[in-house]
Amino acid sequence: MAKEHTPQPAADDVLNPKTAAKKLKNKDEPEELSEEDQQLVSELEMIIERLKESSTEIHHSALENLVNVIRSSTSSMTSVPKPLKYLKPHCETLAELYEQWSDARNKKMLASILSLLGMVYDKENKRESLKYRLLAGYEDGLISEWGHEYVRHLAMEIGLEYNAKLEDEEEEQAAEYLVPVALEAAAFFFKHNAEVDAIDLLEELDRHETIVDYVTKDTFERVCMYMISCSPLLAPPKDLGYLLAARTIYRKFGKPAQCLPLSIRLGRPDLIKEDWDSCSTRLEKAQLAFIMARQQVHMPELIEDGDQELIACMNNANLSKNYLNLARDLELLDPKAPEDIYKSHLENTNIDVTLDSARHNLASTFVNAFVNAGYGTDKLMTAEVEGKEWVFKNKDMGMLSASASLGTIMLWDVEDGLIQVDKYLYNSENWIKAGAVLAIGMLTSSVHDDTDAAKALLTEYIADSNPAIVKLAAICGLGIAYAGTNREDILDLLLPIVSDTDITIDLSSIAALSAGLVAIGTGNGDVSPVILQAMMERTDTELSHKYARFMALGLSLLFLGTQDTYDTIRETLKAVTHPIGKQAAVLMQVCAYAGTGNVLEVQKMLHLCAEHLGEKDDQLAQAFAVLGVGMIAMGEGVGSEMALRTFDHLMHYGEPYVRRTVPLAMALVCASNPVVGVLDTLNKFSHDNDKAVATSAIFAMGMVGAGTNNARLAQLLRQLATYYHKDADLLFIVRIAQGLLHMGKGTMTINPYHHDRSLLSHTALAGLLVPIVAMINAEKLIMTDSHFLLYFLVRAMYPRFLITFNEELENVSADVRVGQAVDAVGQVGRPKNITGFQTHETPVLLAHSERAELATDKYIPLTNTLEGFVILTKNPDYQEDEEGA
Amino acid sequence: MVKVLVKWQGQKYEVDTDTAPTGEDFKAILFSLTGVSPERQKVLVKGGQLKDDTDMTKLGLQENQTLMMIGSVGELPKAPAQPIKFVEDMSENEVAQALSIPAGLTNLGNTCYMNATLQCLKAIPELKSALDENASGMGQTDARANLVSSMKNLFKQLNESGEGVPPFVFLQFLRQVYPRFAEQDSQHGGYRQQDAEEFWNEMLTTLDQVLKKKDSSESTVVERHMSGRMVTTWECAEAPDEPPTVRQEMFRKLNCHIDKSVNYLSQGINKGLEEVIEKRSETLGRNADYKSTSRIDRLPEYLTVAYNRFFWKASESVDAKIVKSVKFPLELDATEFCTPELAEKMRPARQHLRELDDKKALERKLAKQGKSAETDDKKDGDVEMKSGEGEASAPFELNPDLKADVGCNPSGVYELIGVVTHIGRTANSGHYMGWVRKEKGIGGPDPQGKGIPETQHWWYKFDDDKVSMVTDDEILRLCGGGDWHTAYVTLYRAKKLE
């Protein structure tokens with residue numbers, strides 16, 4: 001009894017200083033109690049007195065009395081219920097009594113009360129509440145006898161206790177006794193709409209596999225959503241475990257179409273097959289095939305009996321057709337000329353060029369290619385003008401880019417595209433021929449066809465007898481066409497070129513890049529040694545060639561998203577004395593953690609960026625580290641926002657090489673997502689004194705707005721065109737940016753994330769990386785003779801549409817609401833997923849961070865992510881009510 | 001027997017492989033079906049191409065398997081006969097010539113007054129041809145002759161060059177002939193800024209003197225094309241009996257007098273034509289106020305109008321500038337400044353010009369309507385009829401006197417072709433620029449697609465060696481009234497009669 005009178009404010013109620021202060025006051029002036037309170041205090045004192053007596057019968061009735069008093073007291077959430085408050089002086093007494101008693105029934109009852117008191121007066125983290133709960137028993141709903149708040153507190157103590165036990169005894173069994181009570185608590189949570197608490201508790205105890213047992217049909221969506229969005233925040237390998245657990249839940253309750261994205265994220269073909277086999281209908285399989293085609297997971301072996309329709313879905317064969325349908329619906333079929341994009345009458349410069357400027361025409365070539373991408377018609381290349389072919393209005397490498405631009409214009413249309421390209425294959429100008437060869441690779445990208453046209457045609461041009469430039473184009477073409485397929489026969493064509501030291505380094509480097517693209521993210525053990533070997537055998541002067549970086553990039557792409565599996569390669573790279581070894585090591589680290597949001601890796605990259613290198617040191621590695629900050633963080637919202645803030649610092653204090661890369665890294669984070677803040681920042685940088693910074697900022701503006709037709713950005717770029725009208729180099733980049741902005745007349749995205757920003761397309765990311773890496777030294781690459789590298793963007797380009805199909809896989813129009821996506825993770829009830837929506841009829845365009853949902857119950861979608869191709873089945877319960885009236 | 005389908009240009013052709021044992025035969029069949037010659041055929045079979053010697057039976061083709069054929073019929077794209085020349089391959093001179101943007105003059109240290117004026121003078125083709133005719137070269141005893149021939153060379157250089165031309169030689173002779181243009185700044189060193197109008201006058205005087213052929217009564221280009229004749233009547237109000245003195249004098253410029261009441265160029269010119277001067281009257285035997293009224297008797301083809309924008313401010317001993325806005329028209333009718341006789345003579349030509357203008361306006365209007373209403377036969381008929389009427393009234397009789405007078409303005413209507421502007425607060429400071437109209441159809445095509453109506457003319461803006469292009473609207477903003485460039489000398493040219 002003496003103890004309670006000694007003031008111990010710290011241990012008492014640290015959490016709430018207000019009540020603590022009040023309590024002290026109460027202690028000092030006990031006479032201030034109201035009559036009612038006085039009565040309560042005396043009642044409690046009487047109960048305690050009776051408990052002190054020796055009769056177990058009296059004990060029982062007293063305890064019941066006490067429970068009643070506690071239960072019947074109502075209290076606000078913020079203050080301690082009165083009976084508990086006045087019980088405080090008797091805590092010790094009760095605890096002592098518990099020790100003295102022997103009657104099991106009474107003991108349990110008392111323990112239960114003590115457990116509750118433990119929650120209110122948790123002294124020195126003794127976790128009394130848990131202790132007495134274990135003593136009082138928790139079965140049969142006993143756990144929740146004191147209500148929800150109590151269970152939450154208990155859950156917290158369980159977590160603490162578990163971790164403490166693990167630390168102390170370093171033995172997992174030691175904490176095993178907590179599991180049953182934890183499971184009981186979790187079950188309670190699941191029953192009472194507190195799935196989040198349950199998941200957190202089970203995660204604390206490493207029991208997330210058991211979640212599936214508690215989930216019901218009504219809760220699984222919320223549970224999975226929470227788990228999936230948690231996974232990037234967890235340390236490996238738990239993150240994958242979470243995904244796996246979520247997938248198990250989906251398998252139990254959901255549709256295969258919800259499992260598949262998780263299987264893809266886990267990178268497990270066996271799970272994908274499992275999902276495929278679990279489809280109950282052919283339509284579901286078709287839906288899976290659509291999702292797989294979008295992510296470029298090509299597994300034709302899954303399809304039984306050569307079902308042509310399913311094969312077409314998986315091959316993405318109708319992409320071009322559907323894209324054109326969308327264009328027809330939006331009345332976008334008329335080709336646009338570059339001047340329609342420049343709108344130079346709105347520019348304030350008065351001199352216009354009536355002469356043929358190779359630079360100007362080259363810019364027009366690219367603008368034309370990007371703007372009319374996928375439409376199959378344009379005003380320069382496909383328009384029939386005898387003797388005035390546009391290709392000849394370009395110079396040298398410009399001719400290559402011009403004939404290659406057919407590849408974007410005819411994108412995804414293998415049949416017609418190849419015929420268009422064919423006539424340039426016979427040209428005596430090697431540039432033009434090379435461009436046509438590259439175009440073959442481009443237009444067959446993202447779609448597969450039975451005849452394997454790209455390989456059939458390109459094999460011929462990769463042979464040694466061809467001029468170097470044609471060979472180079474063929475290598476690029478193969479890389480673009482077969483990116484992500486990991487096909488051995490393609491690698492067999494490429495690898496000999498990588499290892500051949502008799503040919504020039506540019507060919508080998510590009511071959512290494514293409515090989516990296518083909519085997520992207522696989523860590524293919526056949527490819528990496530070949531590239532490493534090539535790096536070691538080449539001389540230092542060769543490795544200093546401007547293309548050598550693509551060798552490093554090719555090597556890194558192999559390990560894209562593989563996290564920590566690249567260690568041996570990294571050790572080997574240390575043997576490369578040339579700076580390219582370091583470059584490759586950094587780039588590989590960046591690629592391996594791309595999109596993971598791994599904070600530690602981001603910090604490592606920032607350390608690299610902060611180094612102040614001397615003039616002589618190689619700075620490319622640092623540039624890669626800057627890209628790394630963006631690339632690692634890009635997967636996750638909070639991380640990418642932090643990355644954008646960090647870039648500000650780098651821009652202020654960084655070395656020139658760091659500064660010029662920052663805009664590019666920003667572009668990577670916000671590809672096709674013109675956020676106003678980022679646009680403002682980039683616009684500021686686009687007037688930088690350092691021309692290289694301005695160059696990359698302008699290009700970044702193009703990337704950030706790619707395919708959006710963003711009016712504000714268009715205005716900014718026009719101003720830049722005026723501002724730089726005398727600087728041919730920068731004007732060229734401004735034009736390219738304008739072309740990117742209006743890509744596909746505003747129907748495309750180059751953001752590598754899709755499926756409600758949950759899936760990272762490796763090939764798309766690689767498609768962005770190639771031009772970006774080239775832009776780091778734009779003055780040597782993009783702005784001189786290697787502008788064709790921009791065409792790697794076709795791997796990232798994809799229509800940002802939603803097209804709906806009926807059960808016969810025919811286009812069908814449905815009402816959908818399109819609005820800004822709302823993060824509803826962890827929210828109770830049925831929160832809205834979108835806000836500020838408008839109702840449209842499919843096909844419809846979705847902007848970045850927009851979501852669609854069906855407006856009526858007329859159809860049931862086979863996937864809950866309405867994006868790309870979605871199959872709708874008729875809702876049998878749907879009644880057309882208002883239409884009749 | 002195995003039948004395969006061959007896809008080509010969106011169509012499928014059925015081919016029976018039994019009739020084609022080898023690839024070559026197969027292609028021959030395709031040739032007959034599609035017209036694509038066998039050597040341009042590419043038949044794709046599962047990741048490979050069909051070769052001529054391939055045995056078709058060994059391909060393992062299945063019934064109704066689809067093959068793809070690539071190949072095109074007809075002409076392949078050919079390189080243009082004339083290889084395209086790119087800007088990047090040309091020298092700067094070639095580019096400027098191809099673009100027909102005239103070259104600018106480099107500023108050699110406060111010589112913008114000279115550059116601006118020279119660019120405007122260069123806009124007078126008659127002057128240029130006169131210079132070309134003047135055979136005398138440099139190195140003569142008369143410094144003025146040297147100045148003129150250096151001007152000729154300078155103009156020639158300007159026509160050939162694409163970049164700024166430094167007028168070293170010309171400037172040297174100029175300073176030799178007129179030492180006051182060589183005035184140096186005592187405080188800062190270097191040459192001072194000069195008054196452009198003064199230079200304009202001196203230059204014309206020099207040209208007139210030098211180009212005057214010895215022992216020849218033929219008038220010079222300056223006299224013929226750039227000088228008018230004025231009839232000035234002196235009257236004294238105090239001595240009404242005294243007969244008015246009438247004098248004829250030549251003028252090379254009209255002055256635009258600027259005071260509070262002047263808002264438009266014509267008001268200023270009228271003010272300049274009337275003066276009150278105190279002079280000795282013979283009849284009264286004392287000094288009296290004489291009112292002089294000038295009327296123009298002959299209008300030159302090129303009319304210079306100078307704005308009296310500067311006045312001597314004794315307190316600061318500078319030529320201070322009157323900033324007041326004086327609007328000048330792009331088309332100036334000088335009839336009101338002329339003697340009634342001349343006005344009468346010019347009437348038919350003016351009438352003719354007015355009709356021409358009306359006709360053009362009508363045509364434009366109809367063209368616009370025609371565009372909006374596409375092809376409307378009735379309207380087309382109207383156009384023809386009306387334009388026919390216009391032509392009927394076309395023939396007119398030009399006054400024989402004016403016809404005979406080479407270098408005069410027969411109609412009295414002028415259009416603006418050159419402006420020298422000044423920015424700054426005094427004549428000897430600030431910056432001068434020259435603005436010269438670009439004639440339609442001469443010197444390269446007009447900049448296109450800028451949403452500017454065809455009726456607008458383009459102008460070259462000569463800011464020393466920086467030359468750019470602006471439109472009429474920009475020129476009209478040079479009227480003054482602020483701290484922007486303000487017209488100081490304007491050059492008008494007689495409007496062409498056809």
# chains A, B, ... in the order shown; residues from 1 in each chain; ligands from 1

call {"tool": "residues_around", "arguments": {"residues": "Lys273 of chain A", "least_positions_apart": "3", "cutoff": "10 Å", "atoms": "only C-alpha atoms", "output": "count of residues only"}}
result
11

call {"tool": "interface_residues", "arguments": {"of": "chain B", "to": "chain A", "cutoff": "6 Å", "atoms": "only C-alpha atoms", "output": "ChimeraX atom specification"}}
result
/B:45-49,70,76,80,86-87,450,469

call {"tool": "write_last_selection", "arguments": {"atoms": "N, CA, C and O atoms", "output": "PDB file, in the first residue's frame"}}
result
ATOM      1  N   VAL B  45       8.896 -18.796 -93.472  1.00  0.00           N
ATOM      2  CA  VAL B  45       8.442 -20.077 -92.944  1.00  0.00           C
ATOM      3  C   VAL B  45       9.065 -20.259 -91.579  1.00  0.00           C
ATOM      4  O   VAL B  45      10.263 -20.495 -91.474  1.00  0.00           O
ATOM      5  N   LYS B  46       8.289 -20.117 -90.545  1.00  0.00           N
ATOM      6  CA  LYS B  46       8.734 -20.401 -89.161  1.00  0.00           C
ATOM      7  C   LYS B  46      10.170 -19.986 -88.897  1.00  0.00           C
ATOM      8  O   LYS B  46      11.072 -20.811 -88.787  1.00  0.00           O
ATOM      9  N   GLY B  47      10.397 -18.721 -88.756  1.00  0.00           N
ATOM     10  CA  GLY B  47      11.712 -18.268 -88.350  1.00  0.00           C
ATOM     11  C   GLY B  47      12.770 -18.347 -89.427  1.00  0.00           C
ATOM     12  O   GLY B  47      13.962 -18.248 -89.138  1.00  0.00           O
ATOM     13  N   GLY B  48      12.388 -18.571 -90.657  1.00  0.00           N
ATOM     14  CA  GLY B  48      13.389 -18.603 -91.712  1.00  0.00           C
ATOM     15  C   GLY B  48      12.765 -18.186 -93.023  1.00  0.00           C
ATOM     16  O   GLY B  48      11.555 -17.993 -93.123  1.00  0.00           O
ATOM     17  N   GLN B  49      13.617 -18.011 -94.023  1.00  0.00           N
ATOM     18  CA  GLN B  49      13.087 -17.644 -95.328  1.00  0.00           C
ATOM     19  C   GLN B  49      13.171 -18.837 -96.268  1.00  0.00           C
ATOM     20  O   GLN B  49      14.078 -19.661 -96.159  1.00  0.00           O
ATOM     21  N   ILE B  70       6.566 -11.379 -98.237  1.00  0.00           N
ATOM     22  CA  ILE B  70       6.847  -9.947 -98.265  1.00  0.00           C
ATOM     23  C   ILE B  70       7.438  -9.628 -99.614  1.00  0.00           C
ATOM     24  O   ILE B  70       8.233 -10.393-100.165  1.00  0.00           O
ATOM     25  N   LEU B  76      10.833   0.968-106.946  1.00  0.00           N
ATOM     26  CA  LEU B  76      11.389   1.168-105.627  1.00  0.00           C
ATOM     27  C   LEU B  76      11.703   2.655-105.491  1.00  0.00           C
ATOM     28  O   LEU B  76      11.916   3.341-106.482  1.00  0.00           O
ATOM     29  N   PRO B  80      16.545  11.209-105.415  1.00  0.00           N
ATOM     30  CA  PRO B  80      16.270  12.279-106.375  1.00  0.00           C
ATOM     31  C   PRO B  80      17.493  12.541-107.246  1.00  0.00           C
ATOM     32  O   PRO B  80      18.631  12.379-106.790  1.00  0.00           O
ATOM     33  N   PHE B  86      21.910  20.467 -98.036  1.00  0.00           N
ATOM     34  CA  PHE B  86      21.397  20.837 -96.720  1.00  0.00           C
ATOM     35  C   PHE B  86      22.072  22.089 -96.203  1.00  0.00           C
ATOM     36  O   PHE B  86      23.229  22.375 -96.529  1.00  0.00           O
ATOM     37  N   VAL B  87      21.338  22.782 -95.392  1.00  0.00           N
ATOM     38  CA  VAL B  87      21.865  24.001 -94.793  1.00  0.00           C
ATOM     39  C   VAL B  87      23.202  23.734 -94.120  1.00  0.00           C
ATOM     40  O   VAL B  87      24.136  24.519 -94.203  1.00  0.00           O
ATOM     41  N   LYS B 450       2.325  31.553 -90.651  1.00  0.00           N
ATOM     42  CA  LYS B 450       2.370  32.213 -89.354  1.00  0.00           C
ATOM     43  C   LYS B 450       1.028  32.846 -89.028  1.00  0.00           C
ATOM     44  O   LYS B 450       0.915  33.625 -88.110  1.00  0.00           O
ATOM     45  N   MET B 469      13.036  39.448 -89.319  1.00  0.00           N
ATOM     46  CA  MET B 469      11.876  39.860 -90.098  1.00  0.00           C
ATOM     47  C   MET B 469      10.694  40.161 -89.196  1.00  0.00           C
ATOM     48  O   MET B 469      10.439  39.462 -88.232  1.00  0.00           O
TER      49      MET B 469
END

call {"tool": "residues_around", "arguments": {"residues": "segment 286-291 of chain A", "least_positions_apart": "6", "cutoff": "7 Å", "atoms": "only C-alpha atoms", "output": "PDB file with N, CA and C atoms, in the first residue's frame"}}
result
ATOM      1  N   ALA A 257      -7.405 -14.064 -62.508  1.00  0.00           N
ATOM      2  CA  ALA A 257      -6.881 -12.815 -63.036  1.00  0.00           C
ATOM      3  C   ALA A 257      -6.293 -11.943 -61.938  1.00  0.00           C
ATOM      4  N   LEU A 310      -7.003 -18.000 -78.443  1.00  0.00           N
ATOM      5  CA  LEU A 310      -6.181 -17.759 -77.265  1.00  0.00           C
ATOM      6  C   LEU A 310      -4.752 -17.406 -77.659  1.00  0.00           C
ATOM      7  N   CYS A 313      -4.612 -13.910 -78.524  1.00  0.00           N
ATOM      8  CA  CYS A 313      -4.609 -13.050 -77.337  1.00  0.00           C
ATOM      9  C   CYS A 313      -3.219 -12.959 -76.747  1.00  0.00           C
ATOM     10  N   MET A 314      -2.588 -14.115 -76.618  1.00  0.00           N
ATOM     11  CA  MET A 314      -1.288 -14.122 -75.985  1.00  0.00           C
ATOM     12  C   MET A 314      -0.229 -13.477 -76.879  1.00  0.00           C
ATOM     13  N   LEU A 862     -13.791  -9.685 -65.952  1.00  0.00           N
ATOM     14  CA  LEU A 862     -13.039 -10.872 -65.537  1.00  0.00           C
ATOM     15  C   LEU A 862     -11.783 -10.496 -64.768  1.00  0.00           C
ATOM     16  N   PHE A 869      -6.897  -4.578 -72.221  1.00  0.00           N
ATOM     17  CA  PHE A 869      -7.985  -5.404 -72.730  1.00  0.00           C
ATOM     18  C   PHE A 869      -8.706  -6.090 -71.573  1.00  0.00           C
ATOM     19  N   VAL A 870     -10.002  -5.896 -71.500  1.00  0.00           N
ATOM     20  CA  VAL A 870     -10.772  -6.501 -70.420  1.00  0.00           C
ATOM     21  C   VAL A 870     -11.977  -7.214 -71.023  1.00  0.00           C
ATOM     22  N   ILE A 871     -12.180  -8.432 -70.546  1.00  0.00           N
ATOM     23  CA  ILE A 871     -13.327  -9.196 -71.034  1.00  0.00           C
ATOM     24  C   ILE A 871     -14.479  -9.015 -70.057  1.00  0.00           C
TER      25      ILE A 871
END

call {"tool": "atom_distance", "arguments": {"atom1": "atom CA of Tyr290 of chain B", "atom2": "atom CA of Glu197 of chain B"}}
result
28.0 Å

call {"tool": "residues_around", "arguments": {"residues": "Thr804 of chain A", "least_positions_apart": "6", "cutoff": "10 Å", "atoms": "only C-alpha atoms", "output": "PyMOL selection string"}}
result
chain A and resi 810-814+841-844+861+866-872
